[in-house]
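Novice: Handing you a structure now.
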Amino acid sequence: ANFTNLLLACAAGGTKLVVKSSTQATYGDVREEDCPVSERYNAGARFATPQMQAGTFRGETCSGEQLFARLMDEYDKLAAPLPAIMSGTRKEARGRGAGEVCGTCSRADNNDSDNSEQASAERMDATTLSNFDLRVDDHDVARLHTPCSVYGWSKLINEIMLAKLEANYGTRWVALRYGNVCGADPDGVIGEAKPKPHTLMTLAIYSLLANLGLMPLDRRGVREVLTVFGDDYPTRDGTCVRDYVHPTDLASAHVAALQHLERGGASGAFNLGTQTGSTVLEVLKACEQAAGAKLRYSIEARRPGDAAQSVLDCSLAAAELGYHTKYDLVMMARTAWAWHKGHVDGWK
């Protein structure tokens with residue numbers, strides 16, 4: 001619902017360009033022979049039936065197909081035209097000044113050269129917005145069969161929604177499909193300080209800090225013994241493989257994506273990773289090397305919704321955005337360790 005309202009505001013406010021984060025989870029459970037996976041992998045109907053893994057929906061246990069059906073039903077309700085709400089969104093968006101930021105969407109303000117376009121956008125009425133159509137067709141639904149998790153499904157449908165925004169209003173967009181983000185500012189100025197950390201590398205570093213007596217064991221997110229979910233995947237050490245990426249490389253890519261759109265580049269999705277997959281155990285080892293200490297972890301059963309592997313082909317981003325990475329897994333772990341060790345209490 002929040003993303004739907006954001007797109008309505010973009011339509012009403014005349015937003016021209018959108019750069020949005022997405023995820024490698026849109027590709028679902030990719031076979032080893034399909035890695036590194038390109039953006040074309042989920043561009044069409046790859047699977048006849050949903051690949052969604054079993055889960056829960058509002059507390060009710062569902063099979064993968066049931067969960068997919070529930071998600072699609074909920075989306076159909078959100079996508080139905082709602083002229084009254086659209087009119088309210090239009091008024092809210094009209095109150096924003098040109099050049100103000102709405103989420104990750106921006107309106108360019110080139111002074112006199114954009115005055116006519118701005119005036120045109122601000123004259124949009126409820127009738128115009130009532131034509132805003134986010135409903136999916138059979139091709140869209142077939143594309144949505146690919147993700148195996150709710151998270152991946154939600155990100156892919158966001159991309160489909162952006163394409164519909166462009167079709168209706170000409171808003172061009174880029175979706176950046178991240179690998180797993182980890183690391184911190186190399187200068188130690190900026191880093192992660194979430195109240196509820198959940199990423200693998202951060203949890204590993206919290207565990208190391210706690211076991212070294214540098215962080216209290218009752219801190220949220222601290223696990224004295226980490227849990228590795230599954231060591232029987234078809235990968236080199238039996239644990240899941242993911243492509244990881246440093247936030248500094250991502251920041252550069254966001255700037256490049258906006259410049260691509262400003263040059264008149266076409267809308268689309270781009271992969272952002274290192275094109276080198278790392279297993280869970282390899283990430284833990286990198287953290288141990290950065291800290292100079294050993295981690296304690298246990299192996300448990302697989303976690304529902306986890307794909308075995310996903311390694312990204314970033315050649316399209318390299319060609320269109322000039323994307324390249326400066327930081328490998330070792331540097332991600334070193335910068336993350338330096339940040340958290342120097343900011344045990346986050347920003348306090």
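Just so we're on the same page: first chain in the structure tokens is A, next is B, and so on; residues restart at 1 for each chain, and ligands are numbered from 1 in the order they show up.
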If you run DSSP on this backbone, which residues of stretch 2-63 of chain A come out as strand (DSSP E or B), and could you give them as JSON, numbers by chain?
Specialist: {"A": [17, 18, 19, 20, 21, 22, 23, 37, 55, 56, 57, 60, 61, 62]}
Novice: Which is closest to A:Arg172 among A:Lys155, A:Arg296, A:His324, A:His260, if we use only C-alpha atoms?
Specialist: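 Looking at the shortest contact to A:Arg172, the residue is A:His260.
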Novice: Could you tell me how far atom CA of A:Asn2 sits from atom CA of A:Leu162, in Å to one decimal place?
Specialist: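 Pair atom CA of A:Leu162 / atom CA of A:Asn2 returns 13.6 Å.
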Novice: Using atom CA of A:Cys314 and atom CA of A:Ala167 as the two end points, give the distance in Å to one decimal.
Specialist: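 We find that atom CA of A:Cys314 and atom CA of A:Ala167 lie 26.3 Å from each other.
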Novice: Can you pull out the residues contacting A:Asn211? Cut-off 12 Å, using only C-alpha atoms, and skip same-chain residues under 3 positions away; I want them as a compact mmCIF listing (two decimals) with C-alpha atoms, in the first residue's frame.
Specialist:
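Now in part.txt:
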```txt
# COMPACT_ATOMS: atom_id res chain seq x y z
CA ALA A 204 28.50 -12.24 13.06
CA ILE A 205 30.32 -9.08 14.14
CA TYR A 206 27.91 -8.52 17.05
CA SER A 207 28.60 -12.07 18.19
CA LEU A 208 32.36 -11.51 17.97
CA LEU A 214 33.10 -5.46 23.91
CA MET A 215 29.30 -5.60 23.59
CA PRO A 216 26.69 -6.68 26.16
CA LEU A 217 25.13 -10.07 25.53
CA ASP A 218 21.64 -8.67 26.19
CA VAL A 222 23.48 -10.25 19.82
CA ARG A 223 23.76 -14.02 19.64
CA GLU A 224 26.43 -15.71 21.69
CA VAL A 225 26.18 -18.64 19.30
CA LEU A 226 25.18 -17.93 15.71
CA ALA A 291 38.43 -9.49 14.13
CA ALA A 293 38.94 -14.09 16.79
CA LYS A 294 36.85 -17.22 16.30
CA LEU A 295 33.08 -17.31 15.97
CA ARG A 296 30.82 -19.78 17.71
CA TYR A 297 28.02 -21.15 15.53
```
Novice: Between atom CA of A:Val136 and atom CA of A:Ile157, measure the distance and give it in Å to one decimal.
Specialist: 9.1 Å
Novice: Between A:Asp243, A:Glu262, A:Glu288, A:Asp306, single out the one closest to A:Phe229, counting only C-alpha atoms.
Specialist: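 Result for the nearest residue to A:Phe229: A:Asp306.
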Novice: Give the answer as one residue: which of A:Ala45, A:Leu129, A:Val30, A:Ala266 has the shortest atom-to-atom distance to A:Leu17, using only C-alpha atoms?
Specialist: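 Among A:Ala45, A:Leu129, A:Val30, A:Ala266, it is A:Ala266 that comes nearest to A:Leu17.
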Novice: Considering only C-alpha atoms, state which residue in the set A:Ala318, A:Leu258, A:Ser252, A:Pro186 is at the smallest distance from A:Met331.
Specialist: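 Comparing A:Ala318, A:Leu258, A:Ser252, A:Pro186 against A:Met331, the winner is A:Pro186.
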Novice: Calculated over only C-alpha atoms, which of the candidates A:Leu312, A:Met52, A:Ala317, A:Leu272 has the smallest distance to A:His145?
Specialist: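 Closest residue, counting only C-alpha atoms: A:Met52.
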Novice: Which is closest to A:Val245 among A:Tyr327, A:Phe270, A:Phe57, A:Tyr233, if we use only C-alpha atoms?
Specialist: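 Closest candidate: A:Tyr327.
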Novice: Extract, using only C-alpha atoms, all DNA, RNA and protein residues at most 12 Å from A:Trp339, discarding same-chain residues fewer than 2 positions from it, and format them as a PDB file with N, CA and C atoms, in the first residue's frame.
Specialist:
```pdb
ATOM      1  N   CYS A 182      26.855  -5.321   2.694  1.00  0.00           N
ATOM      2  CA  CYS A 182      27.593  -5.379   3.958  1.00  0.00           C
ATOM      3  C   CYS A 182      28.877  -4.568   3.848  1.00  0.00           C
ATOM      4  N   GLY A 183      29.339  -4.092   4.990  1.00  0.00           N
ATOM      5  CA  GLY A 183      30.502  -3.227   5.028  1.00  0.00           C
ATOM      6  C   GLY A 183      30.125  -1.862   5.575  1.00  0.00           C
ATOM      7  N   ALA A 184      31.092  -0.984   5.676  1.00  0.00           N
ATOM      8  CA  ALA A 184      30.867   0.362   6.208  1.00  0.00           C
ATOM      9  C   ALA A 184      31.798   1.338   5.505  1.00  0.00           C
ATOM     10  N   ASP A 185      31.562   2.602   5.756  1.00  0.00           N
ATOM     11  CA  ASP A 185      32.396   3.658   5.194  1.00  0.00           C
ATOM     12  C   ASP A 185      33.866   3.375   5.520  1.00  0.00           C
ATOM     13  N   PRO A 186      34.722   3.317   4.515  1.00  0.00           N
ATOM     14  CA  PRO A 186      36.140   3.024   4.771  1.00  0.00           C
ATOM     15  C   PRO A 186      36.807   4.029   5.713  1.00  0.00           C
ATOM     16  N   ASP A 187      36.293   5.244   5.771  1.00  0.00           N
ATOM     17  CA  ASP A 187      36.847   6.252   6.668  1.00  0.00           C
ATOM     18  C   ASP A 187      36.277   6.151   8.077  1.00  0.00           C
ATOM     19  N   GLY A 188      35.333   5.249   8.277  1.00  0.00           N
ATOM     20  CA  GLY A 188      34.771   5.043   9.606  1.00  0.00           C
ATOM     21  C   GLY A 188      33.774   6.089  10.043  1.00  0.00           C
ATOM     22  N   VAL A 189      33.266   6.897   9.109  1.00  0.00           N
ATOM     23  CA  VAL A 189      32.342   7.973   9.458  1.00  0.00           C
ATOM     24  C   VAL A 189      30.898   7.488   9.487  1.00  0.00           C
ATOM     25  N   ILE A 190      30.546   6.607   8.561  1.00  0.00           N
ATOM     26  CA  ILE A 190      29.165   6.136   8.421  1.00  0.00           C
ATOM     27  C   ILE A 190      29.144   4.617   8.475  1.00  0.00           C
ATOM     28  N   GLY A 191      28.161   4.068   9.181  1.00  0.00           N
ATOM     29  CA  GLY A 191      28.005   2.621   9.242  1.00  0.00           C
ATOM     30  C   GLY A 191      26.604   2.247   9.673  1.00  0.00           C
ATOM     31  N   GLU A 192      26.356   0.959   9.754  1.00  0.00           N
ATOM     32  CA  GLU A 192      25.029   0.451  10.102  1.00  0.00           C
ATOM     33  C   GLU A 192      24.807   0.529  11.609  1.00  0.00           C
ATOM     34  N   ALA A 193      23.638   1.028  12.008  1.00  0.00           N
ATOM     35  CA  ALA A 193      23.280   1.085  13.429  1.00  0.00           C
ATOM     36  C   ALA A 193      21.789   0.828  13.585  1.00  0.00           C
ATOM     37  N   THR A 202      26.568  -8.455   9.984  1.00  0.00           N
ATOM     38  CA  THR A 202      26.369  -7.674  11.207  1.00  0.00           C
ATOM     39  C   THR A 202      26.133  -8.589  12.402  1.00  0.00           C
ATOM     40  N   ILE A 205      29.455 -10.041  13.451  1.00  0.00           N
ATOM     41  CA  ILE A 205      30.319  -9.077  14.143  1.00  0.00           C
ATOM     42  C   ILE A 205      29.794  -8.792  15.547  1.00  0.00           C
ATOM     43  N   TYR A 206      28.476  -8.700  15.705  1.00  0.00           N
ATOM     44  CA  TYR A 206      27.906  -8.525  17.047  1.00  0.00           C
ATOM     45  C   TYR A 206      28.292  -9.697  17.951  1.00  0.00           C
ATOM     46  N   LEU A 209      31.955  -9.316  18.921  1.00  0.00           N
ATOM     47  CA  LEU A 209      32.130  -8.252  19.914  1.00  0.00           C
ATOM     48  C   LEU A 209      31.663  -8.703  21.292  1.00  0.00           C
ATOM     49  N   ALA A 290      38.884 -10.530  10.072  1.00  0.00           N
ATOM     50  CA  ALA A 290      38.879  -9.095  10.370  1.00  0.00           C
ATOM     51  C   ALA A 290      39.032  -8.841  11.863  1.00  0.00           C
ATOM     52  N   ALA A 291      38.416  -9.694  12.677  1.00  0.00           N
ATOM     53  CA  ALA A 291      38.425  -9.493  14.126  1.00  0.00           C
ATOM     54  C   ALA A 291      39.613 -10.160  14.810  1.00  0.00           C
ATOM     55  N   MET A 332      34.866  -5.716   2.838  1.00  0.00           N
ATOM     56  CA  MET A 332      33.557  -5.515   3.459  1.00  0.00           C
ATOM     57  C   MET A 332      33.630  -5.876   4.940  1.00  0.00           C
ATOM     58  N   ALA A 333      34.252  -7.019   5.230  1.00  0.00           N
ATOM     59  CA  ALA A 333      34.350  -7.463   6.620  1.00  0.00           C
ATOM     60  C   ALA A 333      35.243  -6.528   7.436  1.00  0.00           C
ATOM     61  N   ARG A 334      36.350  -6.086   6.859  1.00  0.00           N
ATOM     62  CA  ARG A 334      37.266  -5.202   7.586  1.00  0.00           C
ATOM     63  C   ARG A 334      36.612  -3.866   7.927  1.00  0.00           C
ATOM     64  N   THR A 335      35.914  -3.282   6.941  1.00  0.00           N
ATOM     65  CA  THR A 335      35.291  -1.976   7.195  1.00  0.00           C
ATOM     66  C   THR A 335      34.123  -2.113   8.169  1.00  0.00           C
ATOM     67  N   ALA A 336      33.368  -3.211   8.057  1.00  0.00           N
ATOM     68  CA  ALA A 336      32.255  -3.427   8.985  1.00  0.00           C
ATOM     69  C   ALA A 336      32.773  -3.624  10.407  1.00  0.00           C
ATOM     70  N   TRP A 337      33.825  -4.425  10.554  1.00  0.00           N
ATOM     71  CA  TRP A 337      34.398  -4.668  11.883  1.00  0.00           C
ATOM     72  C   TRP A 337      34.924  -3.365  12.486  1.00  0.00           C
ATOM     73  N   LYS A 341      33.257  -1.951  15.908  1.00  0.00           N
ATOM     74  CA  LYS A 341      34.142  -1.939  17.055  1.00  0.00           C
ATOM     75  C   LYS A 341      34.303  -0.524  17.604  1.00  0.00           C
ATOM     76  N   GLY A 342      34.301   0.456  16.702  1.00  0.00           N
ATOM     77  CA  GLY A 342      34.434   1.848  17.136  1.00  0.00           C
ATOM     78  C   GLY A 342      33.127   2.514  17.482  1.00  0.00           C
ATOM     79  N   HIS A 343      32.005   1.832  17.219  1.00  0.00           N
ATOM     80  CA  HIS A 343      30.671   2.400  17.494  1.00  0.00           C
ATOM     81  C   HIS A 343      29.793   1.306  18.094  1.00  0.00           C
ATOM     82  N   VAL A 344      30.226   0.768  19.211  1.00  0.00           N
ATOM     83  CA  VAL A 344      29.491  -0.317  19.859  1.00  0.00           C
ATOM     84  C   VAL A 344      28.079   0.102  20.206  1.00  0.00           C
ATOM     85  N   ASP A 345      27.884   1.386  20.517  1.00  0.00           N
ATOM     86  CA  ASP A 345      26.554   1.907  20.839  1.00  0.00           C
ATOM     87  C   ASP A 345      25.934   2.634  19.656  1.00  0.00           C
ATOM     88  N   GLY A 346      26.372   2.318  18.464  1.00  0.00           N
ATOM     89  CA  GLY A 346      25.808   2.952  17.278  1.00  0.00           C
ATOM     90  C   GLY A 346      26.169   4.415  17.209  1.00  0.00           C
ATOM     91  N   TRP A 347      25.142   5.263  17.043  1.00  0.00           N
ATOM     92  CA  TRP A 347      25.368   6.694  16.881  1.00  0.00           C
ATOM     93  C   TRP A 347      25.371   7.434  18.214  1.00  0.00           C
TER      94      TRP A 347
END
```
